[in-house]
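Containing compact mmCIF, C-alpha atoms and all ligand atoms: protein-v2.txt.
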```txt
# COMPACT_ATOMS: atom_id res chain seq x y z
CA MET A 1 117.86 129.05 82.07
CA TYR A 2 118.12 125.55 83.53
CA ILE A 3 115.89 125.07 86.62
CA ASN A 4 117.26 122.72 89.22
CA LEU A 5 114.58 121.05 91.34
CA GLY A 6 114.49 118.02 93.60
CA ILE A 7 113.22 116.25 96.69
CA ILE A 8 114.80 115.35 100.03
CA GLY A 9 113.51 112.60 102.30
CA ASN A 10 114.24 109.09 103.42
CA PRO A 11 113.32 106.63 102.00
CA LEU A 12 112.68 107.90 98.48
CA GLN A 13 112.66 104.71 96.40
CA HIS A 14 108.93 104.88 95.76
CA THR A 15 108.48 108.61 95.21
CA PHE A 16 106.48 109.59 92.15
CA SER A 17 107.49 113.27 92.41
CA PRO A 18 110.35 113.23 89.84
CA PHE A 19 107.95 111.89 87.24
CA ILE A 20 105.31 114.54 88.03
CA HIS A 21 107.71 117.50 88.04
CA ASN A 22 109.67 116.45 84.99
CA TYR A 23 106.32 116.17 83.23
CA PHE A 24 105.32 119.66 84.47
CA LEU A 25 108.65 121.02 83.16
CA TYR A 26 108.02 119.38 79.81
CA GLU A 27 104.41 120.66 79.65
CA SER A 28 105.55 124.20 80.48
CA LYS A 29 108.34 124.01 77.90
CA MET A 30 110.88 124.77 80.60
CA CYS A 31 114.43 123.53 80.70
CA GLY A 32 115.31 121.83 83.96
CA GLY A 33 115.40 118.66 86.00
CA TYR A 34 114.10 117.15 89.25
CA THR A 35 116.29 114.77 91.23
CA CYS A 36 115.90 112.59 94.35
CA TYR A 37 118.27 113.23 97.27
CA GLU A 38 117.74 110.43 99.77
CA THR A 39 119.59 111.70 102.79
CA SER A 40 120.44 111.05 106.40
CA LEU A 41 119.86 113.72 109.05
CA GLU A 42 123.64 114.24 109.33
CA GLN A 43 123.92 115.05 105.61
CA LEU A 44 121.11 117.59 105.62
CA ASP A 45 123.28 120.69 106.38
CA ASP A 46 125.68 119.94 103.51
CA LEU A 47 122.87 119.20 101.11
CA ILE A 48 121.12 122.52 101.81
CA ASP A 49 124.47 124.33 101.34
CA MET A 50 124.89 122.54 98.03
CA PHE A 51 121.40 123.63 96.86
CA VAL A 52 122.26 127.26 97.65
CA LYS A 53 125.75 127.05 96.11
CA TYR A 54 124.47 125.58 92.84
CA ASN A 55 121.51 127.97 92.52
CA PHE A 56 118.72 125.46 92.96
CA THR A 57 115.25 126.93 92.50
CA GLY A 58 113.22 124.56 94.62
CA ILE A 59 113.23 121.43 96.73
CA ASN A 60 110.35 119.33 97.98
CA VAL A 61 110.63 117.93 101.46
CA THR A 62 109.07 114.67 102.53
CA VAL A 63 109.12 112.29 105.49
CA PRO A 64 110.92 112.58 107.90
CA TYR A 65 112.25 116.13 107.34
CA LYS A 66 109.15 118.35 107.04
CA GLN A 67 109.79 119.90 110.45
CA GLU A 68 113.57 119.56 110.47
CA VAL A 69 114.02 121.90 107.47
CA ILE A 70 112.27 124.81 109.21
CA LYS A 71 115.58 125.84 110.77
CA TYR A 72 117.07 126.49 107.31
CA CYS A 73 114.25 128.84 106.26
CA THR A 74 114.75 132.59 106.26
CA GLU A 75 110.98 132.90 106.24
CA LEU A 76 107.91 130.66 106.41
CA ASP A 77 104.80 131.51 104.46
CA ILE A 78 101.40 131.42 106.18
CA THR A 79 100.67 127.82 105.14
CA ALA A 80 103.85 126.41 106.65
CA LYS A 81 103.49 128.54 109.78
CA GLU A 82 99.93 127.38 110.27
CA ILE A 83 100.78 123.71 110.62
CA GLY A 84 104.47 123.87 111.50
CA ALA A 85 105.64 121.78 108.55
CA VAL A 86 107.35 122.55 105.23
CA ASN A 87 107.06 120.46 102.07
CA THR A 88 108.40 123.08 99.64
CA LEU A 89 111.63 125.08 99.84
CA HIS A 90 111.97 128.01 97.49
CA PHE A 91 115.51 129.36 97.06
CA THR A 92 115.19 133.09 96.35
CA LYS A 93 117.49 136.11 96.39
CA ASN A 94 115.92 136.94 99.76
CA GLY A 95 116.78 133.55 101.23
CA ILE A 96 115.05 130.21 101.62
CA ILE A 97 111.26 130.47 101.88
CA GLY A 98 109.36 127.51 103.38
CA HIS A 99 105.85 126.69 102.13
CA ASN A 100 103.35 123.89 102.65
CA THR A 101 101.42 122.86 99.55
CA ASP A 102 100.01 119.68 101.15
CA ILE A 103 97.23 121.95 102.42
CA PHE A 104 96.41 123.05 98.86
CA GLY A 105 96.67 119.41 97.73
CA PHE A 106 94.15 118.29 100.33
CA HIS A 107 91.82 121.16 99.50
CA MET A 108 91.92 120.33 95.78
CA MET A 109 91.45 116.61 96.44
CA LEU A 110 88.09 117.37 98.05
CA GLU A 111 87.09 120.08 95.62
CA SER A 112 87.95 118.11 92.48
CA ASN A 113 85.87 115.22 93.80
CA GLY A 114 82.87 117.40 94.64
CA ILE A 115 83.16 116.87 98.39
CA ASN A 116 82.44 119.59 100.94
CA THR A 117 82.65 119.08 104.68
CA GLN A 118 80.42 121.99 105.71
CA ASN A 119 77.50 120.84 107.88
CA LYS A 120 78.68 117.24 107.71
CA ARG A 121 79.75 114.76 110.35
CA VAL A 122 83.43 114.26 109.57
CA LEU A 123 85.87 111.74 111.02
CA LEU A 124 89.64 112.06 110.67
CA LEU A 125 91.57 108.85 111.32
CA GLY A 126 95.17 109.44 112.42
CA ALA A 127 97.07 112.31 113.97
CA GLY A 128 100.56 111.98 112.47
CA GLY A 129 102.39 114.17 109.95
CA ALA A 130 99.92 113.64 107.10
CA SER A 131 96.90 114.64 109.21
CA ARG A 132 98.16 118.19 109.66
CA ALA A 133 97.27 119.27 106.11
CA VAL A 134 93.61 118.55 106.90
CA ILE A 135 93.33 121.11 109.68
CA PRO A 136 93.37 124.43 107.74
CA TYR A 137 90.75 123.05 105.32
CA MET A 138 88.46 122.08 108.21
CA ARG A 139 88.85 125.50 109.74
CA LEU A 140 87.61 127.07 106.49
CA ASN A 141 84.90 124.48 105.76
CA THR A 142 83.70 123.82 109.28
CA PRO A 143 81.94 120.47 109.65
CA LEU A 144 78.82 120.10 111.78
CA SER A 145 80.97 117.86 113.93
CA PHE A 146 84.64 117.00 113.57
CA ILE A 147 85.99 113.91 115.28
CA ILE A 148 89.70 113.07 115.39
CA ALA A 149 90.46 109.43 116.24
CA ASN A 150 93.93 108.07 116.76
CA ARG A 151 95.56 104.99 118.25
CA THR A 152 97.53 107.31 120.54
CA VAL A 153 94.84 109.65 121.88
CA GLU A 154 97.34 112.28 123.15
CA LYS A 155 98.40 112.96 119.54
CA ALA A 156 94.76 113.46 118.52
CA GLU A 157 94.48 115.97 121.37
CA GLU A 158 97.50 117.89 120.02
CA LEU A 159 95.87 118.01 116.59
CA ALA A 160 92.58 119.23 118.09
CA TYR A 161 94.58 121.99 119.78
CA LEU A 162 96.03 122.97 116.39
CA TYR A 163 92.49 123.00 114.95
CA ASN A 164 91.54 125.41 117.71
CA GLY A 165 87.84 124.79 117.14
CA ASP A 166 85.21 122.35 118.28
CA ALA A 167 86.77 118.94 117.70
CA GLU A 168 86.03 115.73 119.55
CA VAL A 169 88.91 113.37 120.23
CA CYS A 170 88.77 109.63 120.74
CA SER A 171 90.56 106.34 120.32
CA LEU A 172 90.09 104.25 117.17
CA ASN A 173 88.41 101.66 119.37
CA ASP A 174 85.61 104.07 120.34
CA LEU A 175 84.12 104.32 116.83
CA LYS A 176 82.01 101.15 116.82
CA GLY A 177 78.41 101.71 115.67
CA GLU A 178 79.00 105.40 114.81
CA THR A 179 77.92 106.90 111.46
CA PHE A 180 79.81 109.65 109.62
CA ASP A 181 79.16 111.48 106.36
CA ILE A 182 82.83 111.73 105.43
CA VAL A 183 85.82 109.76 106.75
CA ILE A 184 89.43 110.67 105.96
CA ASN A 185 92.21 108.18 106.54
CA SER A 186 95.55 109.83 107.32
CA THR A 187 97.03 106.85 109.15
CA SER A 188 99.75 104.82 107.50
CA LEU A 189 97.64 101.69 107.96
CA GLY A 190 97.45 99.95 104.58
CA VAL A 191 100.47 101.70 103.11
CA LYS A 192 102.26 98.37 102.62
CA GLY A 193 99.11 96.68 101.35
CA GLU A 194 98.20 95.22 104.76
CA PRO A 195 94.45 95.00 105.43
CA PHE A 196 92.73 97.91 107.16
CA ILE A 197 91.22 97.23 110.58
CA ASP A 198 87.43 97.26 110.79
CA TYR A 199 86.64 99.73 113.58
CA GLY A 200 82.90 99.18 113.08
CA PHE A 201 81.77 102.63 111.88
CA ASN A 202 79.54 103.45 108.89
CA ILE A 203 80.12 106.00 106.12
CA LYS A 204 77.24 107.73 104.30
CA GLU A 205 78.92 109.92 101.66
CA ALA A 206 82.66 109.58 101.09
CA ALA A 207 85.72 107.59 102.16
CA ILE A 208 88.96 109.47 101.48
CA ASP A 209 92.42 107.95 101.81
CA MET A 210 95.68 109.89 101.69
CA ILE A 211 97.38 106.71 100.46
CA TYR A 212 97.27 106.44 96.65
CA LYS A 213 98.49 102.92 95.92
CA PRO A 214 96.91 100.59 95.00
CA LYS A 215 94.05 102.49 93.35
CA VAL A 216 91.58 100.90 95.76
CA THR A 217 93.58 101.07 98.97
CA SER A 218 93.03 98.75 101.95
CA PHE A 219 90.87 101.42 103.62
CA LEU A 220 88.78 102.13 100.50
CA SER A 221 88.29 98.45 99.75
CA MET A 222 86.45 98.03 103.07
CA TYR A 223 83.75 100.43 101.79
CA SER A 224 83.74 99.53 98.10
CA LYS A 225 80.29 97.93 98.32
CA ASN A 226 78.73 100.87 100.16
CA ASN A 227 77.66 103.06 97.23
CA ILE A 228 79.68 106.02 98.52
CA LYS A 229 82.45 108.11 96.91
CA LEU A 230 85.87 106.48 97.20
CA VAL A 231 88.79 108.88 96.84
CA ASN A 232 92.44 107.83 97.01
CA GLY A 233 95.38 110.17 97.61
CA LEU A 234 96.60 110.53 94.02
CA SER A 235 94.86 113.88 93.41
CA MET A 236 96.33 115.25 96.66
CA LEU A 237 99.81 114.20 95.53
CA ILE A 238 99.43 115.74 92.08
CA TYR A 239 97.91 118.99 93.33
CA GLN A 240 100.53 119.50 96.05
CA ALA A 241 103.11 119.09 93.28
CA ALA A 242 101.27 121.63 91.10
CA GLY A 243 101.31 124.02 94.09
CA SER A 244 105.09 123.64 94.53
CA PHE A 245 105.69 124.02 90.81
CA ASN A 246 103.67 127.24 90.81
CA ILE A 247 105.76 128.66 93.67
CA TRP A 248 109.02 127.83 91.88
CA THR A 249 108.12 128.84 88.33
CA GLY A 250 104.98 131.01 88.47
CA LYS A 251 103.31 128.53 86.08
CA ASP A 252 99.73 127.49 86.76
CA ILE A 253 99.46 123.83 85.91
CA VAL A 254 96.03 122.29 85.51
CA PRO A 255 96.94 118.64 86.00
CA ASN A 256 95.50 116.08 83.63
CA MET A 257 94.48 113.51 86.26
CA GLU A 258 93.53 110.89 83.70
CA TYR A 259 97.06 110.98 82.32
CA PHE A 260 98.61 110.42 85.76
CA GLU A 261 96.09 107.72 86.67
CA ASN A 262 96.98 105.79 83.54
CA ILE A 263 100.65 105.91 84.43
CA VAL A 264 100.33 105.06 88.14
CA TYR A 265 97.70 102.33 87.81
CA LYS A 266 98.73 100.80 84.48
P1 LIG A 301 102.78 110.19 108.44
O1 LIG A 301 103.82 111.26 108.28
O2 LIG A 301 102.65 109.27 107.24
O3 LIG A 301 101.47 110.72 108.91
P2 LIG A 301 103.33 109.37 111.14
O4 LIG A 301 103.54 110.79 111.51
O5 LIG A 301 104.24 108.34 111.68
O6 LIG A 301 103.37 109.21 109.57
O7 LIG A 301 101.80 108.99 111.49
C1 LIG A 301 101.27 107.75 111.23
C2 LIG A 301 99.82 107.72 111.69
O8 LIG A 301 99.29 106.42 111.44
C3 LIG A 301 99.63 107.98 113.17
O9 LIG A 301 98.37 108.55 113.41
C4 LIG A 301 99.68 106.55 113.73
O10 LIG A 301 99.07 106.37 114.98
P3 LIG A 301 99.91 106.69 116.34
O11 LIG A 301 99.94 108.17 116.45
O12 LIG A 301 99.16 106.03 117.41
O13 LIG A 301 101.30 106.09 116.11
C5 LIG A 301 98.88 105.82 112.67
N1 LIG A 301 99.17 104.37 112.63
C6 LIG A 301 100.30 103.79 112.18
N2 LIG A 301 100.21 102.45 112.28
C7 LIG A 301 98.98 102.19 112.80
C8 LIG A 301 98.27 100.99 113.16
N3 LIG A 301 98.82 99.78 112.99
N4 LIG A 301 97.04 101.11 113.68
C9 LIG A 301 96.47 102.31 113.85
N5 LIG A 301 97.07 103.48 113.55
C10 LIG A 301 98.31 103.42 113.03
```

Represent the structure of the file as structure tokens.
Ligand code: ATR
Amino acid sequence: MYINLGIIGNPLQHTFSPFIHNYFLYESKMCGGYTCYETSLEQLDDLIDMFVKYNFTGINVTVPYKQEVIKYCTELDITAKEIGAVNTLHFTKNGIIGHNTDIFGFHMMLESNGINTQNKRVLLLGAGGASRAVIPYMRLNTPLSFIIANRTVEKAEELAYLYNGDAEVCSLNDLKGETFDIVINSTSLGVKGEPFIDYGFNIKEAAIDMIYKPKVTSFLSMYSKNNIKLVNGLSMLIYQAAGSFNIWTGKDIVPNMEYFENIVYK
């Protein structure tokens, strides 16, 4: 059987997902393909109809449609419900099921790098779409203190509400002189290679960036002399893909990170 997979979003020029999934298909000896569908909001209805009509198995969803696609889902699994965003559509005989494997990706990024937030002072920078995947992990691995800082403080407050625990909220400009064990960057600052802003805080254990390119991102490069762990977003990307692939095919992929690193950072 040929498995039809793909991704919807806009823009998609720089997505690495087709490479990852076609590699997973090859590794699992499965016959299929993964295609990019860069689409406008107006085309979304027709595209979803097309996926159903042509018996697609699965579609990844990326910016800006992770919330928009919820209306097409017959059902949301617990992960998607929890944070109100879908990155994986599974076309089944019972309808379209919406999942969120970004949460699994984030979890595995920390675990595979030997980082645990329990009893630590943790700072999350940013409160946009990407930050949402952090919340379920923090609920399970409760930090000693959890601080959410965002340029727009109201959005950090919304995220703290989603966390539904003890989180402090502040502006990025309130971090001067503070020390954290672990800092996670979920802002898009640095995504185009622009320098990160020095907000004047210190990091004791690990700096984690959801951005994966370049290898040492603008955020990580600010702390590269600090003798702390520096983790970019590549493992999160690969593991969220492995999570989607598992939902679609039932195959458990153990990604060879070294292989992907050599391709992305060659
Ligand atoms: P994504 O889906 O990639 O998370 P997003 O939802 O637009 O994209 O969120 C981008 C995040 O980066 C937000 O937290 C945003 O801050 P605001 O909520 O105040 O917009 C943050 N961000 C983007 N550009 C920034 C900048 N120049 N300085 C600080 N924060 C920035």

Practice item. Go through A:Tyr26, A:Tyr239, A:Phe219, A:Tyr259 one by one, measure the shortest atom-to-atom distance of each to ligand LIG 301 (chain A) using all atoms listed in the file, and give the residue with the smallest value. Key: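 Between A:Tyr26, A:Tyr239, A:Phe219, A:Tyr259, the residue approaching ligand LIG 301 (chain A) most closely is A:Phe219.
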
Using only C-alpha atoms and all ligand atoms, tabulate the residues of chain A lying at most 9 Å from any atom of ligand LIG 301 (chain A), each with its closest atom pair and that distance in Å to one decimal, by chain and increasing residue number, as JSON lines.
```
{"residue": "A:Thr62", "atom": "CA", "partner": "A:LIG301", "partner_atom": "O1", "distance": 8.5}
{"residue": "A:Val63", "atom": "CA", "partner": "A:LIG301", "partner_atom": "O1", "distance": 6.1}
{"residue": "A:Pro64", "atom": "CA", "partner": "A:LIG301", "partner_atom": "O1", "distance": 7.2}
{"residue": "A:Lys66", "atom": "CA", "partner": "A:LIG301", "partner_atom": "O1", "distance": 9.0}
{"residue": "A:Leu125", "atom": "CA", "partner": "A:LIG301", "partner_atom": "O9", "distance": 7.1}
{"residue": "A:Gly126", "atom": "CA", "partner": "A:LIG301", "partner_atom": "O9", "distance": 3.5}
{"residue": "A:Ala127", "atom": "CA", "partner": "A:LIG301", "partner_atom": "O9", "distance": 4.0}
{"residue": "A:Gly128", "atom": "CA", "partner": "A:LIG301", "partner_atom": "O4", "distance": 3.3}
{"residue": "A:Gly129", "atom": "CA", "partner": "A:LIG301", "partner_atom": "O1", "distance": 3.6}
{"residue": "A:Ala130", "atom": "CA", "partner": "A:LIG301", "partner_atom": "O3", "distance": 3.8}
{"residue": "A:Ser131", "atom": "CA", "partner": "A:LIG301", "partner_atom": "O3", "distance": 6.0}
{"residue": "A:Arg132", "atom": "CA", "partner": "A:LIG301", "partner_atom": "O3", "distance": 8.2}
{"residue": "A:Ala149", "atom": "CA", "partner": "A:LIG301", "partner_atom": "O9", "distance": 8.4}
{"residue": "A:Asn150", "atom": "CA", "partner": "A:LIG301", "partner_atom": "O9", "distance": 5.6}
{"residue": "A:Arg151", "atom": "CA", "partner": "A:LIG301", "partner_atom": "O12", "distance": 3.8}
{"residue": "A:Thr152", "atom": "CA", "partner": "A:LIG301", "partner_atom": "O12", "distance": 3.8}
{"residue": "A:Val153", "atom": "CA", "partner": "A:LIG301", "partner_atom": "O12", "distance": 7.2}
{"residue": "A:Glu154", "atom": "CA", "partner": "A:LIG301", "partner_atom": "O11", "distance": 8.3}
{"residue": "A:Lys155", "atom": "CA", "partner": "A:LIG301", "partner_atom": "O11", "distance": 5.9}
{"residue": "A:Ala156", "atom": "CA", "partner": "A:LIG301", "partner_atom": "O11", "distance": 7.7}
{"residue": "A:Leu172", "atom": "CA", "partner": "A:LIG301", "partner_atom": "C9", "distance": 7.4}
{"residue": "A:Asn185", "atom": "CA", "partner": "A:LIG301", "partner_atom": "O8", "distance": 8.8}
{"residue": "A:Ser186", "atom": "CA", "partner": "A:LIG301", "partner_atom": "O3", "distance": 6.2}
{"residue": "A:Thr187", "atom": "CA", "partner": "A:LIG301", "partner_atom": "O8", "distance": 3.2}
{"residue": "A:Ser188", "atom": "CA", "partner": "A:LIG301", "partner_atom": "O8", "distance": 4.3}
{"residue": "A:Leu189", "atom": "CA", "partner": "A:LIG301", "partner_atom": "C7", "distance": 5.0}
{"residue": "A:Gly190", "atom": "CA", "partner": "A:LIG301", "partner_atom": "N3", "distance": 8.5}
{"residue": "A:Val191", "atom": "CA", "partner": "A:LIG301", "partner_atom": "O2", "distance": 8.9}
{"residue": "A:Phe196", "atom": "CA", "partner": "A:LIG301", "partner_atom": "N4", "distance": 8.4}
{"residue": "A:Ile197", "atom": "CA", "partner": "A:LIG301", "partner_atom": "N4", "distance": 7.7}
{"residue": "A:Met210", "atom": "CA", "partner": "A:LIG301", "partner_atom": "O2", "distance": 8.9}
{"residue": "A:Ile211", "atom": "CA", "partner": "A:LIG301", "partner_atom": "O2", "distance": 9.0}
```

Excluding Val69 (chain A) and residues on its chain fewer than 3 positions from it, collect all residues at most 9 Å away from it, counting only C-alpha atoms, and give them as a compact mmCIF listing (two decimals) with C-alpha atoms, keeping the file's coordinate frame.
```txt
# COMPACT_ATOMS: atom_id res chain seq x y z
CA LEU A 44 121.11 117.59 105.62
CA VAL A 61 110.63 117.93 101.46
CA TYR A 65 112.25 116.13 107.34
CA LYS A 66 109.15 118.35 107.04
CA TYR A 72 117.07 126.49 107.31
CA CYS A 73 114.25 128.84 106.26
CA ALA A 85 105.64 121.78 108.55
CA VAL A 86 107.35 122.55 105.23
CA ASN A 87 107.06 120.46 102.07
CA LEU A 89 111.63 125.08 99.84
CA GLY A 98 109.36 127.51 103.38
```

Review point. Taking into account all atoms listed in the file, which residue in the set A:Val254, A:Ile59, A:Leu124, A:Met50 is nearest to Pro18 (chain A)?
Key: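 Among the listed residues, the smallest separation from Pro18 (chain A) belongs to A:Ile59.
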
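Using only C-alpha atoms, the shortest contact distance between Thr88 (chain A) and any of A:Gly6, A:Pro214, A:Gly193, A:Gly32 is found at A:Gly6.
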
Practice item. Grab the CA of Ile103 (chain A) to CA of Asn232 (chain A) distance for me, in Å with one decimal place. Key: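 Between CA of Ile103 (chain A) and CA of Asn232 (chain A) the gap is 15.9 Å.
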
**Study point:** Nearby residues (all atoms listed in the file) at most 12 Å from Glu168 (chain A), same-chain spacing under 5 positions excluded, as a list in words
**Key:** Arg121, Val122, Leu123, Leu124, Pro143, Leu144, Ser145, Phe146, Ile147, Ile148, Ala149, Asn150, Val153, Ala156, Glu157, Glu158, Leu159, Ala160, Tyr161, Tyr163, Asp174 and Leu175 of chain A

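Across the structure, CA of Leu140 (chain A) and CA of Val169 (chain A) are spaced 19.4 Å apart.
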
Exercise for review: Find the residue from A:Leu220, A:Ile83, A:Ile115, A:Leu47 that sits nearest to Gly9 (chain A); use all atoms listed in the file when measuring.
Suggested key: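 Of the candidates, the smallest distance to Gly9 (chain A) is held by A:Leu47.
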
Review point. Of the candidates A:Gly95, A:Met30, A:Leu234, A:Leu5, which one gets nearest to Asn262 (chain A) if we count only C-alpha atoms?
Key: A:Leu234

Point to revise | Atomic separation - CA of Glu75 (chain A) relative to CA of His99 (chain A), Å | key: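 Pair CA of His99 (chain A) / CA of Glu75 (chain A) returns 9.0 Å.
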
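Distances to Asn4 (chain A) were evaluated for A:Glu38, A:Phe180, A:Glu111, A:Thr57 using only C-alpha atoms, and the minimum falls at A:Thr57.
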
Practice item. Would you list the contacts of Thr92 (chain A) as a ChimeraX atom specification, taking every protein, DNA or RNA residue within 10 Å and counting all atoms listed in the file, but skipping same-chain residues closer than 6 positions in sequence? Key: /A:52,55-58,74,248
